[in-house]
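Here is the file final_28.cif (mmCIF, C-alpha atoms and all ligand atoms).
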```cif
data_my_file
loop_
_atom_site.group_PDB
_atom_site.id
_atom_site.type_symbol
_atom_site.label_atom_id
_atom_site.label_comp_id
_atom_site.auth_asym_id
_atom_site.auth_seq_id
_atom_site.Cartn_x
_atom_site.Cartn_y
_atom_site.Cartn_z
ATOM 1 C CA MET R 208 -158.705 -36.353 100.309
ATOM 2 C CA SER R 209 -157.730 -36.148 96.637
ATOM 3 C CA VAL R 210 -158.671 -39.165 94.524
ATOM 4 C CA HIS R 211 -156.114 -38.223 91.850
ATOM 5 C CA LYS R 212 -153.021 -40.375 91.682
ATOM 6 C CA GLU R 213 -149.896 -38.242 92.163
ATOM 7 C CA VAL R 214 -147.802 -38.251 88.950
ATOM 8 C CA LYS R 215 -144.071 -38.553 89.581
ATOM 9 C CA LYS R 216 -142.590 -35.937 87.267
ATOM 10 C CA VAL R 217 -139.373 -36.528 85.387
ATOM 11 C CA THR R 218 -136.626 -34.085 86.369
ATOM 12 C CA THR R 219 -133.031 -33.587 85.295
ATOM 13 C CA HIS R 220 -132.083 -35.593 88.422
ATOM 14 C CA THR R 221 -134.292 -38.476 87.273
ATOM 15 C CA LEU R 222 -132.324 -38.608 84.021
ATOM 16 C CA GLN R 223 -129.007 -38.681 85.889
ATOM 17 C CA GLU R 224 -130.284 -41.493 88.109
ATOM 18 C CA MET R 225 -131.416 -43.379 85.006
ATOM 19 C CA LYS R 226 -127.923 -43.152 83.535
ATOM 20 C CA ASN R 227 -126.355 -44.194 86.848
ATOM 21 C CA ARG R 228 -128.621 -47.264 86.966
ATOM 22 C CA GLY R 229 -128.184 -48.115 83.287
ATOM 23 C CA HIS R 230 -131.836 -47.365 82.444
ATOM 24 C CA LYS R 231 -132.249 -45.980 78.918
ATOM 25 C CA ILE R 232 -133.877 -42.558 78.476
ATOM 26 C CA SER R 233 -136.640 -42.102 75.868
ATOM 27 C CA MET R 234 -137.124 -38.728 74.202
ATOM 28 C CA LEU R 235 -139.341 -37.564 71.328
ATOM 29 C CA THR R 236 -140.006 -34.172 69.844
ATOM 30 C CA GLY R 237 -143.405 -32.545 70.365
ATOM 31 C CA TYR R 238 -144.739 -29.232 69.130
ATOM 32 C CA ASP R 239 -148.467 -29.109 69.853
ATOM 33 C CA TYR R 240 -150.977 -29.862 72.612
ATOM 34 C CA SER R 241 -152.803 -32.869 71.129
ATOM 35 C CA MET R 242 -149.702 -34.832 70.096
ATOM 36 C CA ALA R 243 -147.834 -33.992 73.337
ATOM 37 C CA ARG R 244 -150.755 -35.372 75.401
ATOM 38 C CA ILE R 245 -150.485 -38.748 73.699
ATOM 39 C CA ILE R 246 -146.683 -38.851 73.907
ATOM 40 C CA ASP R 247 -146.819 -38.048 77.623
ATOM 41 C CA GLU R 248 -149.586 -40.606 78.229
ATOM 42 C CA ALA R 249 -147.348 -43.241 76.613
ATOM 43 C CA GLY R 250 -144.768 -42.592 79.314
ATOM 44 C CA ILE R 251 -141.968 -40.780 77.474
ATOM 45 C CA ASP R 252 -139.199 -39.379 79.710
ATOM 46 C CA VAL R 253 -138.414 -36.176 77.791
ATOM 47 C CA ILE R 254 -140.331 -34.127 75.224
ATOM 48 C CA LEU R 255 -138.111 -31.891 73.137
ATOM 49 C CA VAL R 256 -139.834 -28.880 71.626
ATOM 50 C CA GLY R 257 -137.274 -28.946 68.842
ATOM 51 C CA ASP R 258 -136.567 -26.241 66.323
ATOM 52 C CA SER R 259 -137.289 -29.040 63.834
ATOM 53 C CA ALA R 260 -140.759 -27.455 64.155
ATOM 54 C CA SER R 261 -139.368 -25.152 61.482
ATOM 55 C CA ASN R 262 -139.290 -28.158 59.108
ATOM 56 C CA VAL R 263 -142.160 -30.402 60.137
ATOM 57 C CA MET R 264 -144.681 -27.819 61.338
ATOM 58 C CA ALA R 265 -143.883 -24.794 59.162
ATOM 59 C CA GLY R 266 -142.434 -26.455 56.047
ATOM 60 C CA HIS R 267 -139.127 -24.582 55.959
ATOM 61 C CA GLU R 268 -136.133 -26.308 54.401
ATOM 62 C CA THR R 269 -133.909 -25.627 57.431
ATOM 63 C CA THR R 270 -134.305 -24.865 61.132
ATOM 64 C CA LEU R 271 -132.938 -21.331 60.693
ATOM 65 C CA PRO R 272 -136.142 -19.339 60.057
ATOM 66 C CA ILE R 273 -138.049 -20.293 63.222
ATOM 67 C CA THR R 274 -138.260 -17.408 65.706
ATOM 68 C CA LEU R 275 -138.093 -17.224 69.485
ATOM 69 C CA ASP R 276 -141.779 -16.190 69.589
ATOM 70 C CA GLN R 277 -142.730 -19.227 67.499
ATOM 71 C CA MET R 278 -140.694 -21.568 69.748
ATOM 72 C CA ILE R 279 -142.481 -20.049 72.744
ATOM 73 C CA TYR R 280 -145.862 -20.707 71.111
ATOM 74 C CA HIS R 281 -144.960 -24.379 70.536
ATOM 75 C CA GLY R 282 -143.391 -24.725 74.005
ATOM 76 C CA ALA R 283 -146.420 -23.313 75.825
ATOM 77 C CA SER R 284 -148.753 -25.606 73.828
ATOM 78 C CA VAL R 285 -146.738 -28.661 74.885
ATOM 79 C CA VAL R 286 -146.497 -27.558 78.524
ATOM 80 C CA ARG R 287 -150.319 -27.301 78.717
ATOM 81 C CA ALA R 288 -150.557 -30.971 77.663
ATOM 82 C CA VAL R 289 -147.919 -32.666 79.766
ATOM 83 C CA GLN R 290 -148.173 -34.115 83.268
ATOM 84 C CA ARG R 291 -145.082 -36.276 83.599
ATOM 85 C CA ALA R 292 -142.338 -35.704 81.027
ATOM 86 C CA LEU R 293 -139.450 -33.271 81.326
ATOM 87 C CA ILE R 294 -139.953 -30.555 78.700
ATOM 88 C CA VAL R 295 -136.918 -29.087 76.935
ATOM 89 C CA VAL R 296 -137.247 -26.215 74.435
ATOM 90 C CA ASP R 297 -134.672 -25.467 71.728
ATOM 91 C CA LEU R 298 -133.190 -21.990 71.696
ATOM 92 C CA PRO R 299 -133.650 -21.106 68.006
ATOM 93 C CA PHE R 300 -130.970 -19.862 65.628
ATOM 94 C CA GLY R 301 -130.135 -16.205 66.257
ATOM 95 C CA SER R 302 -131.441 -16.131 69.821
ATOM 96 C CA TYR R 303 -128.163 -17.004 71.591
ATOM 97 C CA GLN R 304 -125.193 -16.819 69.241
ATOM 98 C CA GLY R 305 -124.784 -13.017 69.485
ATOM 99 C CA ASN R 306 -123.612 -12.727 73.083
ATOM 100 C CA SER R 307 -124.225 -14.340 76.451
ATOM 101 C CA LYS R 308 -126.572 -11.588 77.669
ATOM 102 C CA GLU R 309 -128.824 -12.065 74.659
ATOM 103 C CA ALA R 310 -128.634 -15.828 75.206
ATOM 104 C CA LEU R 311 -129.729 -15.429 78.827
ATOM 105 C CA ASN R 312 -132.615 -13.135 77.853
ATOM 106 C CA SER R 313 -133.813 -15.684 75.285
ATOM 107 C CA ALA R 314 -133.600 -18.540 77.803
ATOM 108 C CA ILE R 315 -135.470 -16.484 80.412
ATOM 109 C CA ARG R 316 -138.248 -15.720 77.916
ATOM 110 C CA ILE R 317 -138.601 -19.435 77.157
ATOM 111 C CA MET R 318 -138.772 -20.395 80.834
ATOM 112 C CA LYS R 319 -141.172 -17.576 81.810
ATOM 113 C CA GLU R 320 -143.492 -17.685 78.804
ATOM 114 C CA THR R 321 -143.744 -21.460 78.248
ATOM 115 C CA GLY R 322 -143.372 -23.008 81.699
ATOM 116 C CA ALA R 323 -140.865 -25.539 80.255
ATOM 117 C CA HIS R 324 -138.139 -27.074 82.399
ATOM 118 C CA ALA R 325 -134.950 -26.579 80.381
ATOM 119 C CA VAL R 326 -133.452 -25.255 77.149
ATOM 120 C CA LYS R 327 -131.263 -26.911 74.508
ATOM 121 C CA MET R 328 -128.466 -25.192 72.602
ATOM 122 C CA GLU R 329 -126.324 -26.315 69.667
ATOM 123 C CA GLY R 330 -122.547 -26.030 69.924
ATOM 124 C CA GLY R 331 -119.543 -26.588 72.168
ATOM 125 C CA SER R 332 -116.684 -24.314 73.229
ATOM 126 C CA GLU R 333 -117.921 -21.457 70.993
ATOM 127 C CA ILE R 334 -121.107 -21.058 73.086
ATOM 128 C CA ILE R 335 -119.718 -22.027 76.491
ATOM 129 C CA GLU R 336 -119.905 -18.498 77.935
ATOM 130 C CA SER R 337 -123.623 -18.339 77.115
ATOM 131 C CA VAL R 338 -124.183 -21.821 78.535
ATOM 132 C CA ARG R 339 -122.524 -20.781 81.806
ATOM 133 C CA ARG R 340 -124.515 -17.556 82.055
ATOM 134 C CA ILE R 341 -127.827 -19.355 81.505
ATOM 135 C CA LEU R 342 -126.901 -22.021 84.059
ATOM 136 C CA THR R 343 -125.946 -19.330 86.575
ATOM 137 C CA ALA R 344 -129.522 -18.038 86.313
ATOM 138 C CA GLY R 345 -130.736 -21.490 87.402
ATOM 139 C CA ILE R 346 -131.916 -22.624 83.986
ATOM 140 C CA PRO R 347 -130.979 -26.232 83.098
ATOM 141 C CA VAL R 348 -129.211 -26.581 79.737
ATOM 142 C CA MET R 349 -129.047 -29.579 77.409
ATOM 143 C CA GLY R 350 -126.152 -29.478 74.927
ATOM 144 C CA HIS R 351 -126.242 -30.631 71.285
ATOM 145 C CA LEU R 352 -123.126 -31.751 69.361
ATOM 146 C CA GLY R 353 -122.323 -33.606 66.141
ATOM 147 C CA LEU R 354 -124.687 -32.662 63.345
ATOM 148 C CA THR R 355 -125.974 -29.277 64.424
ATOM 149 C CA PRO R 356 -128.658 -28.261 61.888
ATOM 150 C CA GLN R 357 -128.469 -24.555 62.805
ATOM 151 C CA SER R 358 -124.948 -24.556 61.240
ATOM 152 C CA ILE R 359 -126.038 -26.279 58.026
ATOM 153 C CA TYR R 360 -124.700 -23.503 55.797
ATOM 154 C CA LYS R 361 -121.271 -23.778 57.452
ATOM 155 C CA PHE R 362 -121.079 -27.536 56.784
ATOM 156 C CA GLY R 363 -123.090 -27.615 53.560
ATOM 157 C CA THR R 364 -124.591 -31.108 54.024
ATOM 158 C CA TYR R 365 -126.452 -33.306 56.519
ATOM 159 C CA VAL R 366 -123.950 -36.194 56.238
ATOM 160 C CA VAL R 367 -122.515 -38.066 59.253
ATOM 161 C CA ARG R 368 -120.208 -35.838 61.332
ATOM 162 C CA ALA R 369 -116.944 -36.425 63.180
ATOM 163 C CA LYS R 370 -115.753 -39.390 61.107
ATOM 164 C CA GLU R 371 -112.218 -37.984 61.049
ATOM 165 C CA HIS R 372 -109.941 -38.046 64.078
ATOM 166 C CA GLU R 373 -109.601 -34.268 64.453
ATOM 167 C CA GLU R 374 -113.347 -33.541 64.489
ATOM 168 C CA ALA R 375 -113.946 -36.547 66.765
ATOM 169 C CA SER R 376 -111.405 -35.334 69.359
ATOM 170 C CA ARG R 377 -112.887 -31.827 69.209
ATOM 171 C CA LEU R 378 -116.343 -33.304 69.843
ATOM 172 C CA ILE R 379 -115.064 -35.200 72.906
ATOM 173 C CA GLU R 380 -113.462 -32.011 74.250
ATOM 174 C CA ASP R 381 -116.706 -30.088 73.633
ATOM 175 C CA ALA R 382 -118.710 -32.745 75.496
ATOM 176 C CA LYS R 383 -116.325 -32.484 78.455
ATOM 177 C CA ALA R 384 -116.585 -28.672 78.387
ATOM 178 C CA LEU R 385 -120.405 -28.786 78.373
ATOM 179 C CA GLU R 386 -120.369 -31.238 81.275
ATOM 180 C CA GLU R 387 -117.903 -29.096 83.234
ATOM 181 C CA ALA R 388 -120.033 -25.987 82.593
ATOM 182 C CA GLY R 389 -122.988 -27.821 84.189
ATOM 183 C CA CYS R 390 -125.183 -29.110 81.339
ATOM 184 C CA PHE R 391 -127.507 -31.877 82.563
ATOM 185 C CA ALA R 392 -127.402 -33.882 79.298
ATOM 186 C CA ILE R 393 -126.130 -33.742 75.731
ATOM 187 C CA VAL R 394 -127.740 -34.738 72.422
ATOM 188 C CA LEU R 395 -125.333 -36.317 69.912
ATOM 189 C CA GLU R 396 -126.669 -36.220 66.369
ATOM 190 C CA LYS R 397 -125.521 -38.345 63.412
ATOM 191 C CA ILE R 398 -122.009 -39.370 64.431
ATOM 192 C CA PRO R 399 -120.309 -42.810 64.374
ATOM 193 C CA ALA R 400 -121.696 -45.174 67.014
ATOM 194 C CA ALA R 401 -118.226 -45.933 68.434
ATOM 195 C CA LEU R 402 -117.518 -42.249 69.022
ATOM 196 C CA ALA R 403 -120.930 -41.680 70.661
ATOM 197 C CA SER R 404 -120.356 -44.655 72.938
ATOM 198 C CA ASN R 405 -116.908 -43.304 73.847
ATOM 199 C CA VAL R 406 -118.475 -39.923 74.794
ATOM 200 C CA ALA R 407 -121.176 -41.629 76.889
ATOM 201 C CA GLN R 408 -118.447 -43.432 78.829
ATOM 202 C CA THR R 409 -116.198 -40.372 79.121
ATOM 203 C CA VAL R 410 -118.741 -37.986 80.632
ATOM 204 C CA GLN R 411 -120.980 -38.686 83.616
ATOM 205 C CA ILE R 412 -124.064 -36.822 82.344
ATOM 206 C CA PRO R 413 -126.660 -38.571 80.122
ATOM 207 C CA ILE R 414 -125.947 -38.727 76.379
ATOM 208 C CA ILE R 415 -129.035 -38.913 74.151
ATOM 209 C CA GLY R 416 -128.412 -40.056 70.586
ATOM 210 C CA ILE R 417 -130.097 -39.594 67.226
ATOM 211 C CA GLY R 418 -128.278 -41.531 64.529
ATOM 212 C CA ALA R 419 -125.527 -42.181 67.084
ATOM 213 C CA GLY R 420 -125.943 -45.900 67.748
ATOM 214 C CA ASN R 421 -126.939 -47.878 70.805
ATOM 215 C CA GLY R 422 -123.988 -47.250 73.130
ATOM 216 C CA VAL R 423 -125.484 -44.058 74.533
ATOM 217 C CA ASP R 424 -127.834 -43.413 77.466
ATOM 218 C CA GLY R 425 -131.004 -42.704 75.513
ATOM 219 C CA GLN R 426 -132.549 -42.029 72.115
ATOM 220 C CA VAL R 427 -134.474 -39.186 70.506
ATOM 221 C CA LEU R 428 -136.452 -39.093 67.259
ATOM 222 C CA VAL R 429 -138.557 -36.452 65.555
ATOM 223 C CA VAL R 430 -142.143 -37.591 66.179
ATOM 224 C CA HIS R 431 -143.345 -36.945 62.613
ATOM 225 C CA ASP R 432 -140.480 -39.085 61.288
ATOM 226 C CA MET R 433 -141.060 -42.078 63.570
ATOM 227 C CA LEU R 434 -144.785 -41.996 62.805
ATOM 228 C CA GLY R 435 -144.034 -42.077 59.077
ATOM 229 C CA ILE R 436 -145.939 -38.864 58.340
ATOM 230 C CA ASN R 437 -143.288 -37.689 55.892
ATOM 231 C CA ASN R 438 -142.750 -40.576 53.470
ATOM 232 C CA GLU R 439 -139.850 -38.805 51.730
ATOM 233 C CA PHE R 440 -137.471 -38.801 54.738
ATOM 234 C CA ASN R 441 -135.804 -42.199 55.107
ATOM 235 C CA PRO R 442 -132.341 -41.928 56.709
ATOM 236 C CA ARG R 443 -130.679 -45.133 57.900
ATOM 237 C CA PHE R 444 -131.030 -44.240 61.596
ATOM 238 C CA LEU R 445 -134.802 -43.765 61.440
ATOM 239 C CA ARG R 446 -137.085 -46.566 62.624
ATOM 240 C CA LYS R 447 -140.655 -45.923 61.472
ATOM 241 C CA TYR R 448 -143.241 -47.206 63.940
ATOM 242 C CA HIS R 449 -146.154 -46.404 61.663
ATOM 243 C CA ASN R 450 -146.995 -45.383 58.138
ATOM 244 C CA LEU R 451 -149.246 -42.490 59.062
ATOM 245 C CA HIS R 452 -148.774 -40.858 55.684
ATOM 246 C CA GLU R 453 -150.626 -43.726 54.038
ATOM 247 C CA GLN R 454 -153.221 -44.006 56.796
ATOM 248 C CA MET R 455 -153.973 -40.283 56.874
ATOM 249 C CA LEU R 456 -154.121 -40.090 53.099
ATOM 250 C CA GLY R 457 -156.634 -42.960 53.166
ATOM 251 C CA ALA R 458 -158.759 -41.220 55.810
ATOM 252 C CA PHE R 459 -158.767 -37.860 54.015
ATOM 253 C CA THR R 460 -159.620 -39.473 50.661
ATOM 254 C CA ALA R 461 -162.469 -41.449 52.240
ATOM 255 C CA TYR R 462 -163.858 -38.283 53.868
ATOM 256 C CA ILE R 463 -163.749 -36.338 50.595
ATOM 257 C CA ARG R 464 -165.516 -39.220 48.832
ATOM 258 C CA ASP R 465 -168.194 -39.432 51.552
ATOM 259 C CA VAL R 466 -168.870 -35.677 51.368
ATOM 260 C CA GLN R 467 -168.986 -35.698 47.577
ATOM 261 C CA THR R 468 -171.343 -38.690 47.394
ATOM 262 C CA GLY R 469 -173.579 -37.327 50.174
ATOM 263 C CA ASP R 470 -172.852 -40.384 52.354
ATOM 264 C CA PHE R 471 -171.659 -38.129 55.188
ATOM 265 C CA PRO R 472 -173.418 -37.155 57.406
ATOM 266 C CA ASN R 473 -176.014 -39.919 57.695
ATOM 267 C CA ASP R 474 -179.201 -39.846 59.806
ATOM 268 C CA LYS R 475 -177.362 -40.743 63.017
ATOM 269 C CA GLU R 476 -174.746 -38.037 62.463
ATOM 270 C CA GLN R 477 -177.156 -35.127 62.580
ATOM 271 C CA TYR R 478 -179.551 -33.409 65.045
HETATM 272 O O1 LIG R 501 -134.898 -29.951 66.746
HETATM 273 C C1 LIG R 501 -134.843 -31.177 66.913
HETATM 274 O O2 LIG R 501 -135.785 -31.928 66.602
HETATM 275 C C2 LIG R 501 -133.624 -31.738 67.462
HETATM 276 C C3 LIG R 501 -133.509 -33.227 67.531
HETATM 277 C C4 LIG R 501 -133.232 -33.777 66.196
HETATM 278 C C5 LIG R 501 -132.520 -33.663 68.522
HETATM 279 O O3 LIG R 501 -132.755 -31.020 67.846
#
```
This entry written out as structure tokens:
Amino acid sequence: MSVHKEVKKVTTHTLQEMKNRGHKISMLTGYDYSMARIIDEAGIDVILVGDSASNVMAGHETTLPITLDQMIYHGASVVRAVQRALIVVDLPFGSYQGNSKEALNSAIRIMKETGAHAVKMEGGSEIIESVRRILTAGIPVMGHLGLTPQSIYKFGTYVVRAKEHEEASRLIEDAKALEEAGCFAIVLEKIPAALASNVAQTVQIPIIGIGAGNGVDGQVLVVHDMLGINNEFNPRFLRKYHNLHEQMLGAFTAYIRDVQTGDFPNDKEQY
């Protein structure tokens, strides 16, 4: 008889049940084994292997440069760490916008080579054919509307989206289209709280917000941001749960000092 306690894994159905019961869904990004282990141990529902890895892991200004191979590397690292959470991997820029066959091939590579449970794609009606084709292959898809960082050069800024009536109605139509196509959830990024709440009530599938207020079914943050690792990123929607920048800086400075003064290693720290 096994002494290990069976872990009840989070699935796309779990998320739907959570919405139906009014239980909020927690989601954080994760890109590497060590961090993902801690996030999973804390009991997060969803880990998003976001293409924000392009910014926070690789130091690019935008999410555009990250490649499918690099997303697969991050995805596989997270999958090796996680026992409970649902793992969603972003399809990176250029891996699905060309045509639906290319989109399907990219999604298949992510599923086969990482072992993740679902993919996320930015966009609405313009990518619906690709969304349908991926879903037909049995791959769960999470949508992403509002501020879509892969289109940054089309919009030119990272300001709040869909403040005007026309863009807001288009966003609602896109959310309905993604739901009808079969997406299991949608991320809404940086849009007015009232609009996000309206979408969450209009569609049946879970709506996860980032900078979209509290009237949605769950929240997502970039893990480096909520830990306060980058002290230069301070948008209004971000709650920092730590000031790791300061703490890490203190630790690194202390280590350098200890090496330079010969204080480290001491007698007990050697063989
Ligand atoms: O890539 C990412 O981190 C994301 C979240 C901001 C939702 O898409």
Write out as a compact mmCIF listing (two decimals) with C-alpha atoms, in the frame of the given file each polymer residue (protein, DNA or RNA) that has an atom no more than 8 Å from ligand LIG 501 (chain R), with only C-alpha atoms and all ligand atoms counted.
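The file below, result.txt, is the result:
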```txt
# COMPACT_ATOMS: atom_id res chain seq x y z
CA THR R 236 -140.01 -34.17 69.84
CA LEU R 255 -138.11 -31.89 73.14
CA VAL R 256 -139.83 -28.88 71.63
CA GLY R 257 -137.27 -28.95 68.84
CA ASP R 258 -136.57 -26.24 66.32
CA SER R 259 -137.29 -29.04 63.83
CA ALA R 260 -140.76 -27.46 64.16
CA THR R 270 -134.30 -24.86 61.13
CA ASP R 297 -134.67 -25.47 71.73
CA LYS R 327 -131.26 -26.91 74.51
CA HIS R 351 -126.24 -30.63 71.28
CA THR R 355 -125.97 -29.28 64.42
CA PRO R 356 -128.66 -28.26 61.89
CA VAL R 394 -127.74 -34.74 72.42
CA LEU R 395 -125.33 -36.32 69.91
CA GLU R 396 -126.67 -36.22 66.37
CA GLY R 416 -128.41 -40.06 70.59
CA ILE R 417 -130.10 -39.59 67.23
CA VAL R 427 -134.47 -39.19 70.51
CA LEU R 428 -136.45 -39.09 67.26
CA VAL R 429 -138.56 -36.45 65.56
```
Original post:
Which one of R:Asp252, R:Glu476, R:Glu213, R:Asp239 sits closest to R:Ile415 if you count all atoms listed in the file?
Top reply: R:Asp252
Subject >> Picked residues, the PyMOL selection byres (((chain R and resi 323) around 9) and not hetatm), expected as a PyMOL selection string >> reply: chain R and resi 282-283+285-286+293-296+317-322+324-326
Subject >> Closest of R:Ala292, R:Val263, R:Met328, R:Leu434 to R:Ser358 - atom-to-atom distances counting only C-alpha atoms >> reply: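 Comparing R:Ala292, R:Val263, R:Met328, R:Leu434 against R:Ser358, the winner is R:Met328.
Among the candidate residues R:Val406, R:Leu298, R:Val338, R:Val423, the one lying nearest to R:Arg377 is R:Val406, with distances computed using only C-alpha atoms.
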Stretch 357-374 of chain R, all listed atoms, 8 Å padding on each side: what axis-aligned box centre and edge lengths in Å to one decimal come out, as JSON?
```
{"center_x": -119.0, "center_y": -31.4, "center_z": 59.0, "size_x": 34.9, "size_y": 31.9, "size_z": 26.9}
```
Subject >> Exercise: R:Met433 partners within 7 Å, all atoms listed in the file, chain neighbours under 3 positions left out, as a ChimeraX atom specification >> reply: /R:428-430,445-449
**OP:** Please provide the set of residues having any atom within 9 Å of R:Leu451, restricted to only C-alpha atoms, with same-chain residues fewer than 4 positions apart removed, written as a PyMOL selection string.
**Re:** chain R and resi 431+434-438+455-456
**OP:** Please provide as a list in words all residues within 10 Å of R:Lys226, with the sequence filter that same-chain residues fewer than 3 positions apart are discarded (counting all atoms listed in the file).
**Re:** His220, Thr221, Leu222, Gln223, Gly229, His230, Lys231, Ile232, Ala407, Gln411, Ile412, Pro413, Ile414, Val423, Asp424 and Gly425 of chain R
Since I can't run it myself right now, could you work out what the PyMOL selection byres (((chain R and resi 350) around 8) and not hetatm) selects here and report it as a JSON list (two decimals) with C-alpha atoms, keeping the file's coordinate frame?
```json
[["chain", "number", "residue", "atom", "x", "y", "z"],
["R", 327, "LYS", "CA", -131.26, -26.91, 74.51],
["R", 328, "MET", "CA", -128.47, -25.19, 72.60],
["R", 329, "GLU", "CA", -126.32, -26.32, 69.67],
["R", 330, "GLY", "CA", -122.55, -26.03, 69.92],
["R", 331, "GLY", "CA", -119.54, -26.59, 72.17],
["R", 348, "VAL", "CA", -129.21, -26.58, 79.74],
["R", 349, "MET", "CA", -129.05, -29.58, 77.41],
["R", 351, "HIS", "CA", -126.24, -30.63, 71.28],
["R", 352, "LEU", "CA", -123.13, -31.75, 69.36],
["R", 385, "LEU", "CA", -120.40, -28.79, 78.37],
["R", 390, "CYS", "CA", -125.18, -29.11, 81.34],
["R", 392, "ALA", "CA", -127.40, -33.88, 79.30],
["R", 393, "ILE", "CA", -126.13, -33.74, 75.73],
["R", 394, "VAL", "CA", -127.74, -34.74, 72.42]]
```
Original post:
Looking at all atoms listed in the file, which of R:Phe440, R:Phe300, R:Phe391, R:Phe459 is the one that sits closest to R:Ile359?
Top reply: R:Phe300
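For the atom pair formed by atom CA of R:Ala249 and atom CA of R:Tyr280, the distance is 23.2 Å, given to one decimal.
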Which residues, named as in the file, does the PyMOL selection byres (((chain R and resi 370-373) around 12) and not hetatm) pick out? Answer as a PDB file with C-alpha atoms, in the coordinates of the input.
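File written: selection-v2.pdb
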```
ATOM      1  CA  GLY R 353    -122.323 -33.606  66.141  1.00  0.00           C
ATOM      2  CA  LEU R 354    -124.687 -32.662  63.345  1.00  0.00           C
ATOM      3  CA  VAL R 366    -123.950 -36.194  56.238  1.00  0.00           C
ATOM      4  CA  VAL R 367    -122.515 -38.066  59.253  1.00  0.00           C
ATOM      5  CA  ARG R 368    -120.208 -35.838  61.332  1.00  0.00           C
ATOM      6  CA  ALA R 369    -116.944 -36.425  63.180  1.00  0.00           C
ATOM      7  CA  GLU R 374    -113.347 -33.541  64.489  1.00  0.00           C
ATOM      8  CA  ALA R 375    -113.946 -36.547  66.765  1.00  0.00           C
ATOM      9  CA  SER R 376    -111.405 -35.334  69.359  1.00  0.00           C
ATOM     10  CA  ARG R 377    -112.887 -31.827  69.209  1.00  0.00           C
ATOM     11  CA  LEU R 378    -116.343 -33.304  69.843  1.00  0.00           C
ATOM     12  CA  ILE R 379    -115.064 -35.200  72.906  1.00  0.00           C
ATOM     13  CA  GLU R 380    -113.462 -32.011  74.250  1.00  0.00           C
ATOM     14  CA  LYS R 397    -125.521 -38.345  63.412  1.00  0.00           C
ATOM     15  CA  ILE R 398    -122.009 -39.370  64.431  1.00  0.00           C
ATOM     16  CA  PRO R 399    -120.309 -42.810  64.374  1.00  0.00           C
ATOM     17  CA  ALA R 400    -121.696 -45.174  67.014  1.00  0.00           C
ATOM     18  CA  ALA R 401    -118.226 -45.933  68.434  1.00  0.00           C
ATOM     19  CA  LEU R 402    -117.518 -42.249  69.022  1.00  0.00           C
ATOM     20  CA  ALA R 403    -120.930 -41.680  70.661  1.00  0.00           C
ATOM     21  CA  ALA R 419    -125.527 -42.181  67.084  1.00  0.00           C
TER      22      ALA R 419
END
```
